[in-house]
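K.L.:
Could you have a look at this structure, given as structure tokens, before my questions?
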Amino acid sequence: MDWGVLAGYWPFVVGLMVTGVVSGIAAGLLGIGGGAVIVPALSNALLLMGYDAEVVQHVAVGTSLAIIIPTGIMSARAHHRRGALDIDVLKLWAPFIVVGTFVGGLMAGLYSGDVLRIVFAVMAFVIAANIIFAFQTKLMGHLKGSNITHRISALVVGYVSSLMGIGGGSLTVPTLVAFGETMHKAVGTSAAIGVAIAVSGTAGFLISGWGVDGLPPLSIGYINLLALALVGVLAAICAPWGAALAHRLDQKTLKYVFALFLVAVGLNMLWKVVVG
């Protein structure tokens, strides 16, 4: 496809640019990697453009993971400069996150688009409920000194995050808080962990999507290069803005807003499954 044809998709391009700005700020603000914004936005955009519903969710998830790489790096660096990154926890989580995420990325090709939407929706509801009721801290708080619990948590977070296309922050942050980290250190460390999730998950989706029919143009496996370029660059630029805001704004208000957003996204995903 030449650039003249691509120019005809200006609403899609503008939508990707807006998604990049919003997801970048969200990544730094909440340590979520931006995937919770990128996946539904990119999925909806591709569906509106008429691409196969069976591959759209896979492309949205895989591309989201690729986009999170630069976003997570910028966000993690910003938090590290403020002393909000626990290197010991990062070393403990990273190897197991990589394994869980890579396996999830490879297995994604075995699941239908609707299965991935259901996974995203259910986990969005669980994450939102945990934000409001903080049940994870009550269930896991007594395990905060256990390395094996950290490692198992990393495997689970990595696997689920790869299927959702998120940097894992919405799962990692409450887990680290339950294990005794402060909110700011949990957010900063989560951003760095999200980079490991994104790199490993991207590799898995690239391999599992290789040679699949019906992919949007400029795609390699389940990674769309146009979305990667536009959203990735803008998200990486905007991530430090979110990180700066995170140290100024009321975290309780931000968590409730994020919870409502997740419920809305989850309902939208389930609606797509129901109406086909």
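Residue numbering restarts at 1 in every chain; chains get A, B, ... in the order shown in the structure tokens, and ligands count up from 1 in that same order.
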Residues within 7 Å of stretch 129-134 of chain A, please, as a PyMOL selection string. Count only C-alpha atoms; anything in the same chain fewer than 5 positions from it doesn't count.
P.N.:
chain A and resi 255-256+259
K.L.:
I'd like the contact shell of stretch 34-43 of chain A - 7 Å cut-off, only C-alpha atoms, skipping same-chain residues fewer than 5 positions apart - returned as a ChimeraX atom specification.
P.N.:
/A:19,23-24,26-27,56-57,60-61,64,68,165-167,265
K.L.:
Pull N, CA and C atoms from the residues just selected and write them as a PDB file, in the first residue's frame.
P.N.:
```
ATOM      1  N   THR A  19      -4.685   8.438  20.531  1.00  0.00           N
ATOM      2  CA  THR A  19      -4.455   7.273  21.383  1.00  0.00           C
ATOM      3  C   THR A  19      -3.048   7.297  21.954  1.00  0.00           C
ATOM      4  N   SER A  23      -2.507   7.399  25.917  1.00  0.00           N
ATOM      5  CA  SER A  23      -1.905   6.198  26.500  1.00  0.00           C
ATOM      6  C   SER A  23      -0.550   6.505  27.123  1.00  0.00           C
ATOM      7  N   GLY A  24       0.203   7.428  26.530  1.00  0.00           N
ATOM      8  CA  GLY A  24       1.493   7.805  27.099  1.00  0.00           C
ATOM      9  C   GLY A  24       1.331   8.466  28.457  1.00  0.00           C
ATOM     10  N   ALA A  26      -1.240   8.149  30.418  1.00  0.00           N
ATOM     11  CA  ALA A  26      -1.764   7.118  31.328  1.00  0.00           C
ATOM     12  C   ALA A  26      -0.651   6.206  31.820  1.00  0.00           C
ATOM     13  N   ALA A  27       0.315   5.899  30.952  1.00  0.00           N
ATOM     14  CA  ALA A  27       1.419   5.023  31.336  1.00  0.00           C
ATOM     15  C   ALA A  27       2.226   5.614  32.483  1.00  0.00           C
ATOM     16  N   VAL A  56      -8.409  -8.849  14.379  1.00  0.00           N
ATOM     17  CA  VAL A  56      -8.326  -7.475  14.891  1.00  0.00           C
ATOM     18  C   VAL A  56      -7.858  -7.436  16.345  1.00  0.00           C
ATOM     19  N   GLN A  57      -8.438  -8.273  17.198  1.00  0.00           N
ATOM     20  CA  GLN A  57      -8.061  -8.249  18.615  1.00  0.00           C
ATOM     21  C   GLN A  57      -6.618  -8.697  18.806  1.00  0.00           C
ATOM     22  N   ALA A  60      -4.459  -5.772  17.785  1.00  0.00           N
ATOM     23  CA  ALA A  60      -4.522  -4.726  18.810  1.00  0.00           C
ATOM     24  C   ALA A  60      -3.665  -5.095  20.019  1.00  0.00           C
ATOM     25  N   VAL A  61      -3.750  -6.345  20.446  1.00  0.00           N
ATOM     26  CA  VAL A  61      -2.990  -6.800  21.613  1.00  0.00           C
ATOM     27  C   VAL A  61      -1.497  -6.838  21.311  1.00  0.00           C
ATOM     28  N   SER A  64      -0.111  -3.348  20.783  1.00  0.00           N
ATOM     29  CA  SER A  64      -0.081  -2.659  22.069  1.00  0.00           C
ATOM     30  C   SER A  64       1.173  -3.034  22.857  1.00  0.00           C
ATOM     31  N   ILE A  68       4.252  -0.533  24.010  1.00  0.00           N
ATOM     32  CA  ILE A  68       4.572  -0.351  25.429  1.00  0.00           C
ATOM     33  C   ILE A  68       6.084  -0.364  25.676  1.00  0.00           C
ATOM     34  N   GLY A 165      -2.686  -7.546  26.296  1.00  0.00           N
ATOM     35  CA  GLY A 165      -1.952  -6.511  25.582  1.00  0.00           C
ATOM     36  C   GLY A 165      -1.613  -5.319  26.446  1.00  0.00           C
ATOM     37  N   ILE A 166      -1.446  -5.556  27.744  1.00  0.00           N
ATOM     38  CA  ILE A 166      -1.134  -4.470  28.673  1.00  0.00           C
ATOM     39  C   ILE A 166       0.265  -4.658  29.244  1.00  0.00           C
ATOM     40  N   GLY A 167       0.801  -3.582  29.790  1.00  0.00           N
ATOM     41  CA  GLY A 167       2.123  -3.644  30.394  1.00  0.00           C
ATOM     42  C   GLY A 167       2.115  -4.265  31.781  1.00  0.00           C
ATOM     43  N   VAL A 265     -14.626  -0.186  29.466  1.00  0.00           N
ATOM     44  CA  VAL A 265     -13.923  -0.931  28.421  1.00  0.00           C
ATOM     45  C   VAL A 265     -14.333  -2.402  28.444  1.00  0.00           C
TER      46      VAL A 265
END
```
K.L.:
Rank nothing, just name the residue among A:Leu206, A:Val273, A:Ala178, A:Leu228 nearest to A:Leu106, using only C-alpha atoms.
P.N.:
A:Leu206
K.L.:
Any idea what's packed within 10 Å of A:Pro174, counting only C-alpha atoms, ignoring anything in its chain fewer than 6 positions away? Could you give it as a list in words?
P.N.:
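Skipping anything fewer than 6 positions along the chain leaves Ile127, Asn130, Ile131, Ala134, Phe135, Gln136, Thr137, Gly180, Glu181, Met183, Ala186, Val187 and Ser190 of chain A.
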K.L.:
For the residues selected in the previous step, produce a file with C-alpha atoms as a PDB file, in the first residue's frame.
P.N.:
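Output (selection_26.pdb):
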```pdb
ATOM      1  CA  ILE A 127      -8.832  -5.097  38.282  1.00  0.00           C
ATOM      2  CA  ASN A 130      -9.581  -4.647  43.269  1.00  0.00           C
ATOM      3  CA  ILE A 131      -8.956  -0.926  42.849  1.00  0.00           C
ATOM      4  CA  ALA A 134      -8.482  -3.615  47.662  1.00  0.00           C
ATOM      5  CA  PHE A 135      -9.175  -7.299  48.231  1.00  0.00           C
ATOM      6  CA  GLN A 136      -5.760  -8.330  46.880  1.00  0.00           C
ATOM      7  CA  THR A 137      -3.949  -6.730  49.783  1.00  0.00           C
ATOM      8  CA  GLY A 180       4.522  -3.896  51.056  1.00  0.00           C
ATOM      9  CA  GLU A 181       5.728  -1.401  48.433  1.00  0.00           C
ATOM     10  CA  MET A 183       2.280   3.332  45.812  1.00  0.00           C
ATOM     11  CA  ALA A 186       4.979   0.164  42.990  1.00  0.00           C
ATOM     12  CA  VAL A 187       4.091   2.392  40.029  1.00  0.00           C
ATOM     13  CA  SER A 190       5.708  -1.673  37.516  1.00  0.00           C
TER      14      SER A 190
END
```
K.L.:
Compare A:Val173, A:Met164, A:Ala191, A:Ser146 by their minimum atom-to-atom distance to A:Pro240, counting only C-alpha atoms, and give me the closest one.
P.N.:
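Nearest candidate to A:Pro240 out of A:Val173, A:Met164, A:Ala191, A:Ser146: A:Ala191.
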K.L.:
Have a look at atom CA of A:Val274 and atom CA of A:Phe102 and let me know their distance in Å, one decimal.
P.N.:
29.5 Å
K.L.:
To one decimal in Å, tell me the separation between atom CA of A:Phe120 and atom CA of A:Leu163.
P.N.:
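Rounded to one decimal, the two atoms are 7.5 Å apart.
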K.L.:
Smallest atom-to-atom distance to A:Asp86: which of A:Thr182, A:Ser112, A:Thr63, A:Thr101, using only C-alpha atoms?
P.N.:
A:Thr182
